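Novice: One structure follows; several queries about it will come next.
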Amino acid sequence: MAFLHFRLCLFLSFLIFLGMATAQLSTNFYSSSCPNALSTIKSAVNSAINNEARMGASLLRLHFHDCFVNGCDASILLDDTSNFTGEKTAGPNVNSVRGFDVVDTIKSQVESACPGVVSCADILAVAARDSVVALGGPSWTVRLGRRDSTTASFNTANNDIPAPTLNLSGLISSFSNKGFSASEMVALSGSHTIGQARCTTFRARIYNETNIDASFQSSLQANCPSSGGDDNLSPLDTQSPTTFDNAYFTNLVNNKGLLHSDQELFNGGSTDSQVNTYRTRSTTFFTDFANAMVKMGNLSPLTGTNGEIRTNCRKTN
């Protein structure tokens, strides 16, 4: 009897622990401790996008590149120091990831209202959602309560963030490693309906590949020479580069994917039918994208007493 009682207590303890683990992120995390946090972030994001529409894509990308490297912990925001190399200079980020000044502004405003309460990781998650909404895309409920890392990983950033040169099987594998299905990968790739890419990321496609619209190819080559001009920018979606819509998928069907990894989603493979669905049903894309973003925002967050709440997003306390 005593043994049975012990096992029952052990089981109940496990259930309590499981409940705590799944409930650590919540939709009302700051409702008492910083009730104006979400409105402050939204206002700052809208202001930044009104100043430069491209910033919406940049803030969305910050969240993605953060979460794919050891979880959504704001590690991407840490600056290098004399004895520490962060993620900003990793291959997928260097001369590319941007929006740090906007995050600094948001953090400063939130700190003024509620010192030491709102994490940089939560700011990234909320700013990504607010950016999509500001550019005409779907909304979703962001669960909150993430804490900030005290370290970063240059090597993991190089290894885990999907490269624009990946083929379809590589994309599926890369996202699968983070717990995403192939269909969720396609939905998240739809974020390329906004933003710009550097010539160096698509040069090989526009000079070496054949599954590309000829006029689209010529226009890109005019701005991205076969050598030099690495930082010249082209929109990922030429139809509506600052509107979050489903035009990206129409582009793919017309062989107008900018990156090799974009066009791989519609190239006679297993994801062609999903691209066609999203091309004709924007509401389906919006729903799937929002659900996948919620899932991404829940990747391995630091909660409870793990990590810290940084005072300055660029450095540990």
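Order determines the names: the first chain of the structure tokens is A, the second B, and so forth; residues in each chain are numbered 1 upward, and ligands are numbered 1 upward as they are shown.
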Do a neighbour search on A:Asp130 at 9 Å with only C-alpha atoms, toss out local chain neighbours closer than 2 positions, and write the hits as a list in words.
Specialist: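 Using only C-alpha atoms, the neighbours found are Ile41, Lys42, Val45, Asn46, Gly56, Leu60, Ala125, Val126, Ala127, Ala128, Val132, Val133, Ala134, Leu135 and Ser139 of chain A.
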Novice: Work out how far apart atom CA of A:Leu258 and atom CA of A:Leu236 are and give it in Å to one decimal.
Specialist: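 We find that atom CA of A:Leu258 and atom CA of A:Leu236 lie 5.7 Å from each other.
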Novice: Please return as a list in words: the residues of stretch 218-273 of chain A that backbone DSSP assigns to helix (DSSP H, G or I).
Specialist: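 Everything in stretch 218-273 of chain A that counts as helix (DSSP H, G or I) is Ser218, Ser219, Leu220, Gln221, Ala222, Asn223, Ala247, Tyr248, Phe249, Thr250, Asn251, Leu252, Val253, His260, Ser261, Asp262, Gln263, Asp272 and Ser273 of chain A.
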Novice: Which residues are near stretch 142-158 of chain A? Cut-off 8 Å, only C-alpha atoms, ignore same chain within fewer than 6 positions. Put them as an MDAnalysis selection string.
Specialist: chainID A and resid 24:30 65 68:70 72:76 78 85:92 119:122 125:126 129 294 297:298 301:304 306:310 316
Novice: Hey, which of A:Asn317, A:Ser240, A:Thr250, A:Ser82 ends up closest to A:Gly116? Count only C-alpha atoms.
Specialist: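 For A:Gly116, the nearest of the candidates is A:Asn317.
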Novice: Which neighbours of stretch 187-200 of chain A fall inside 8 Å, counting only C-alpha atoms, when residues of the same chain fewer than 6 positions from it are skipped, and could you give them as an MDAnalysis selection string?
Specialist: chainID A and resid 54 56:58 96 224 229:237 240:249 262 285 288:289 292:293
Novice: For stretch 267-276 of chain A, work out the shell of residues within 8 Å, counting only C-alpha atoms and skipping chain neighbours fewer than 3 positions away, then give it as an MDAnalysis selection string.
Specialist: chainID A and resid 168 182:183 186 211 249:250 252:253 263:264 279:280
Novice: Based on the selection just made, write all heavy atoms of those residues as an mmCIF file, in the first residue's frame.
Specialist:
data_model
loop_
_atom_site.group_PDB
_atom_site.id
_atom_site.type_symbol
_atom_site.label_atom_id
_atom_site.label_comp_id
_atom_site.auth_asym_id
_atom_site.auth_seq_id
_atom_site.Cartn_x
_atom_site.Cartn_y
_atom_site.Cartn_z
ATOM 1 N N LEU A 168 15.006 21.120 -51.949
ATOM 2 C CA LEU A 168 13.781 20.841 -51.196
ATOM 3 C C LEU A 168 14.021 19.862 -50.052
ATOM 4 O O LEU A 168 13.554 20.102 -48.930
ATOM 5 C CB LEU A 168 12.700 20.290 -52.124
ATOM 6 C CG LEU A 168 11.352 19.978 -51.458
ATOM 7 C CD1 LEU A 168 10.768 21.225 -50.803
ATOM 8 C CD2 LEU A 168 10.370 19.393 -52.481
ATOM 9 N N ALA A 182 6.816 19.458 -43.333
ATOM 10 C CA ALA A 182 7.098 20.059 -44.633
ATOM 11 C C ALA A 182 6.074 21.139 -44.961
ATOM 12 O O ALA A 182 6.419 22.186 -45.523
ATOM 13 C CB ALA A 182 7.111 18.981 -45.717
ATOM 14 N N SER A 183 4.820 20.913 -44.610
ATOM 15 C CA SER A 183 3.789 21.912 -44.909
ATOM 16 C C SER A 183 3.975 23.172 -44.076
ATOM 17 O O SER A 183 3.734 24.291 -44.555
ATOM 18 C CB SER A 183 2.390 21.325 -44.684
ATOM 19 O OG SER A 183 2.203 20.930 -43.341
ATOM 20 N N VAL A 186 6.664 25.227 -45.752
ATOM 21 C CA VAL A 186 6.164 25.996 -46.896
ATOM 22 C C VAL A 186 5.422 27.242 -46.414
ATOM 23 O O VAL A 186 5.599 28.336 -46.959
ATOM 24 C CB VAL A 186 5.250 25.131 -47.781
ATOM 25 C CG1 VAL A 186 4.641 25.967 -48.902
ATOM 26 C CG2 VAL A 186 6.030 23.959 -48.363
ATOM 27 N N ASN A 211 15.195 27.120 -64.503
ATOM 28 C CA ASN A 211 13.786 27.198 -64.115
ATOM 29 C C ASN A 211 13.472 28.599 -63.574
ATOM 30 O O ASN A 211 13.032 28.779 -62.444
ATOM 31 C CB ASN A 211 13.456 26.124 -63.075
ATOM 32 C CG ASN A 211 14.297 26.240 -61.813
ATOM 33 O OD1 ASN A 211 15.368 26.855 -61.807
ATOM 34 N ND2 ASN A 211 13.809 25.641 -60.735
ATOM 35 N N PHE A 249 3.653 33.070 -53.671
ATOM 36 C CA PHE A 249 3.359 31.741 -54.219
ATOM 37 C C PHE A 249 2.983 31.815 -55.700
ATOM 38 O O PHE A 249 3.299 30.910 -56.471
ATOM 39 C CB PHE A 249 2.269 31.071 -53.385
ATOM 40 C CG PHE A 249 2.690 30.842 -51.960
ATOM 41 C CD1 PHE A 249 2.233 31.672 -50.942
ATOM 42 C CD2 PHE A 249 3.582 29.837 -51.639
ATOM 43 C CE1 PHE A 249 2.645 31.482 -49.628
ATOM 44 C CE2 PHE A 249 4.009 29.644 -50.328
ATOM 45 C CZ PHE A 249 3.538 30.471 -49.326
ATOM 46 N N THR A 250 2.338 32.916 -56.104
ATOM 47 C CA THR A 250 2.097 33.135 -57.527
ATOM 48 C C THR A 250 3.418 33.273 -58.265
ATOM 49 O O THR A 250 3.600 32.740 -59.366
ATOM 50 C CB THR A 250 1.245 34.403 -57.732
ATOM 51 O OG1 THR A 250 -0.010 34.243 -57.063
ATOM 52 C CG2 THR A 250 0.999 34.673 -59.210
ATOM 53 N N LEU A 252 6.224 31.891 -57.505
ATOM 54 C CA LEU A 252 6.867 30.577 -57.630
ATOM 55 C C LEU A 252 6.278 29.788 -58.800
ATOM 56 O O LEU A 252 7.018 29.160 -59.563
ATOM 57 C CB LEU A 252 6.702 29.785 -56.328
ATOM 58 C CG LEU A 252 7.331 30.384 -55.067
ATOM 59 C CD1 LEU A 252 7.205 29.401 -53.904
ATOM 60 C CD2 LEU A 252 8.794 30.761 -55.291
ATOM 61 N N VAL A 253 4.960 29.832 -58.947
ATOM 62 C CA VAL A 253 4.302 29.120 -60.043
ATOM 63 C C VAL A 253 4.764 29.671 -61.395
ATOM 64 O O VAL A 253 4.856 28.937 -62.389
ATOM 65 C CB VAL A 253 2.767 29.210 -59.901
ATOM 66 C CG1 VAL A 253 2.066 28.658 -61.136
ATOM 67 C CG2 VAL A 253 2.318 28.439 -58.660
ATOM 68 N N GLN A 263 12.387 28.782 -55.158
ATOM 69 C CA GLN A 263 11.865 28.076 -56.325
ATOM 70 C C GLN A 263 11.808 26.573 -56.113
ATOM 71 O O GLN A 263 11.009 25.882 -56.774
ATOM 72 C CB GLN A 263 12.703 28.408 -57.559
ATOM 73 C CG GLN A 263 12.017 28.054 -58.874
ATOM 74 C CD GLN A 263 10.683 28.778 -59.040
ATOM 75 O OE1 GLN A 263 10.596 29.995 -58.964
ATOM 76 N NE2 GLN A 263 9.614 28.001 -59.232
ATOM 77 N N GLU A 264 12.607 26.057 -55.188
ATOM 78 C CA GLU A 264 12.567 24.631 -54.871
ATOM 79 C C GLU A 264 11.197 24.202 -54.355
ATOM 80 O O GLU A 264 10.821 23.029 -54.469
ATOM 81 C CB GLU A 264 13.640 24.293 -53.835
ATOM 82 C CG GLU A 264 15.024 24.106 -54.416
ATOM 83 C CD GLU A 264 15.123 22.856 -55.268
ATOM 84 O OE1 GLU A 264 15.102 21.750 -54.704
ATOM 85 O OE2 GLU A 264 15.211 22.978 -56.507
ATOM 86 N N ARG A 279 -1.510 29.889 -53.498
ATOM 87 C CA ARG A 279 -1.623 30.880 -54.581
ATOM 88 C C ARG A 279 -3.068 31.295 -54.797
ATOM 89 O O ARG A 279 -3.354 32.470 -55.100
ATOM 90 C CB ARG A 279 -1.040 30.291 -55.865
ATOM 91 C CG ARG A 279 -1.163 31.190 -57.086
ATOM 92 C CD ARG A 279 -0.518 30.531 -58.298
ATOM 93 N NE ARG A 279 -1.202 29.332 -58.720
ATOM 94 C CZ ARG A 279 -2.239 29.297 -59.579
ATOM 95 N NH1 ARG A 279 -2.685 30.430 -60.101
ATOM 96 N NH2 ARG A 279 -2.790 28.157 -59.923
ATOM 97 N N THR A 280 -3.977 30.362 -54.626
ATOM 98 C CA THR A 280 -5.388 30.645 -54.905
ATOM 99 C C THR A 280 -6.211 30.903 -53.649
ATOM 100 O O THR A 280 -7.325 31.407 -53.739
ATOM 101 C CB THR A 280 -6.025 29.467 -55.673
ATOM 102 O OG1 THR A 280 -5.867 28.258 -54.916
ATOM 103 C CG2 THR A 280 -5.359 29.299 -57.037
#
Novice: Could you go through stretch 22-233 of chain A and tell me which residues DSSP, when run on the backbone, assigns to strand (DSSP E), listing them as a count of residues only?
Specialist: 4
Novice: State, in Å with one decimal place, the distance from atom CA of A:Leu299 to atom CA of A:Lys178.
Specialist: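 Atom CA of A:Leu299 sits 7.8 Å away from atom CA of A:Lys178.
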Novice: List the spatial neighbours of A:Gln217 as a short mmCIF file (atom, residue, chain, number, x, y, z; two decimals) with N, CA and C atoms, in the first residue's frame - criterion: any atom at most 10 Å away, only C-alpha atoms, same-chain residues fewer than 2 positions off excluded.
Specialist:
data_model
loop_
_atom_site.label_atom_id
_atom_site.label_comp_id
_atom_site.auth_asym_id
_atom_site.auth_seq_id
_atom_site.Cartn_x
_atom_site.Cartn_y
_atom_site.Cartn_z
N ARG A 205 21.61 31.55 -58.83
CA ARG A 205 20.32 31.19 -59.43
C ARG A 205 20.11 31.94 -60.75
N ILE A 206 20.37 33.24 -60.76
CA ILE A 206 20.02 34.02 -61.94
C ILE A 206 21.03 33.88 -63.08
N TYR A 207 22.18 33.27 -62.81
CA TYR A 207 23.16 33.08 -63.88
C TYR A 207 23.31 31.61 -64.29
N GLU A 209 20.79 28.87 -63.39
CA GLU A 209 19.60 28.00 -63.37
C GLU A 209 18.68 28.28 -64.55
N THR A 210 17.92 27.27 -64.93
CA THR A 210 17.05 27.39 -66.10
C THR A 210 15.57 27.51 -65.73
N ASN A 211 15.20 27.12 -64.50
CA ASN A 211 13.79 27.20 -64.12
C ASN A 211 13.47 28.60 -63.57
N ILE A 212 13.69 29.59 -64.46
CA ILE A 212 13.51 30.98 -64.07
C ILE A 212 12.95 31.75 -65.26
N ASP A 213 11.94 32.56 -65.02
CA ASP A 213 11.33 33.38 -66.05
C ASP A 213 12.39 34.28 -66.70
N ALA A 214 12.42 34.34 -68.01
CA ALA A 214 13.50 35.02 -68.74
C ALA A 214 13.53 36.53 -68.46
N SER A 215 12.37 37.18 -68.48
CA SER A 215 12.35 38.62 -68.24
C SER A 215 12.71 38.94 -66.79
N SER A 219 15.99 41.22 -65.60
CA SER A 219 15.86 42.39 -64.73
C SER A 219 16.74 42.24 -63.50
N LEU A 220 16.86 41.03 -63.01
CA LEU A 220 17.71 40.79 -61.84
C LEU A 220 19.18 40.93 -62.19
N GLN A 221 19.56 40.43 -63.35
CA GLN A 221 20.96 40.51 -63.77
C GLN A 221 21.41 41.96 -63.95
N ALA A 222 20.47 42.84 -64.29
CA ALA A 222 20.79 44.25 -64.47
C ALA A 222 21.21 44.90 -63.14
N ASN A 255 7.76 30.76 -61.99
CA ASN A 255 9.23 30.65 -62.01
C ASN A 255 9.91 31.98 -61.71
N LYS A 256 9.33 32.71 -60.76
CA LYS A 256 9.89 33.99 -60.35
C LYS A 256 10.29 33.98 -58.87
N LEU A 258 12.98 34.26 -56.14
CA LEU A 258 14.28 34.94 -56.16
C LEU A 258 15.42 34.02 -55.73
#
Novice: Could you pull the residues within 9 Å of A:Asn312, counting only C-alpha atoms, minus those fewer than 6 positions along the same chain, as a list in words?
Specialist: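 Near A:Asn312, the qualifying residues are Asp104, Lys107, Ser108 and Cys120 of chain A.
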Novice: Out of A:Asn83, A:Tyr278, A:Cys313, A:Lys295, which residue has the shortest atom-to-atom distance to A:Leu124 when counting only C-alpha atoms?
Specialist: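 Closest to A:Leu124, using only C-alpha atoms: A:Cys313.
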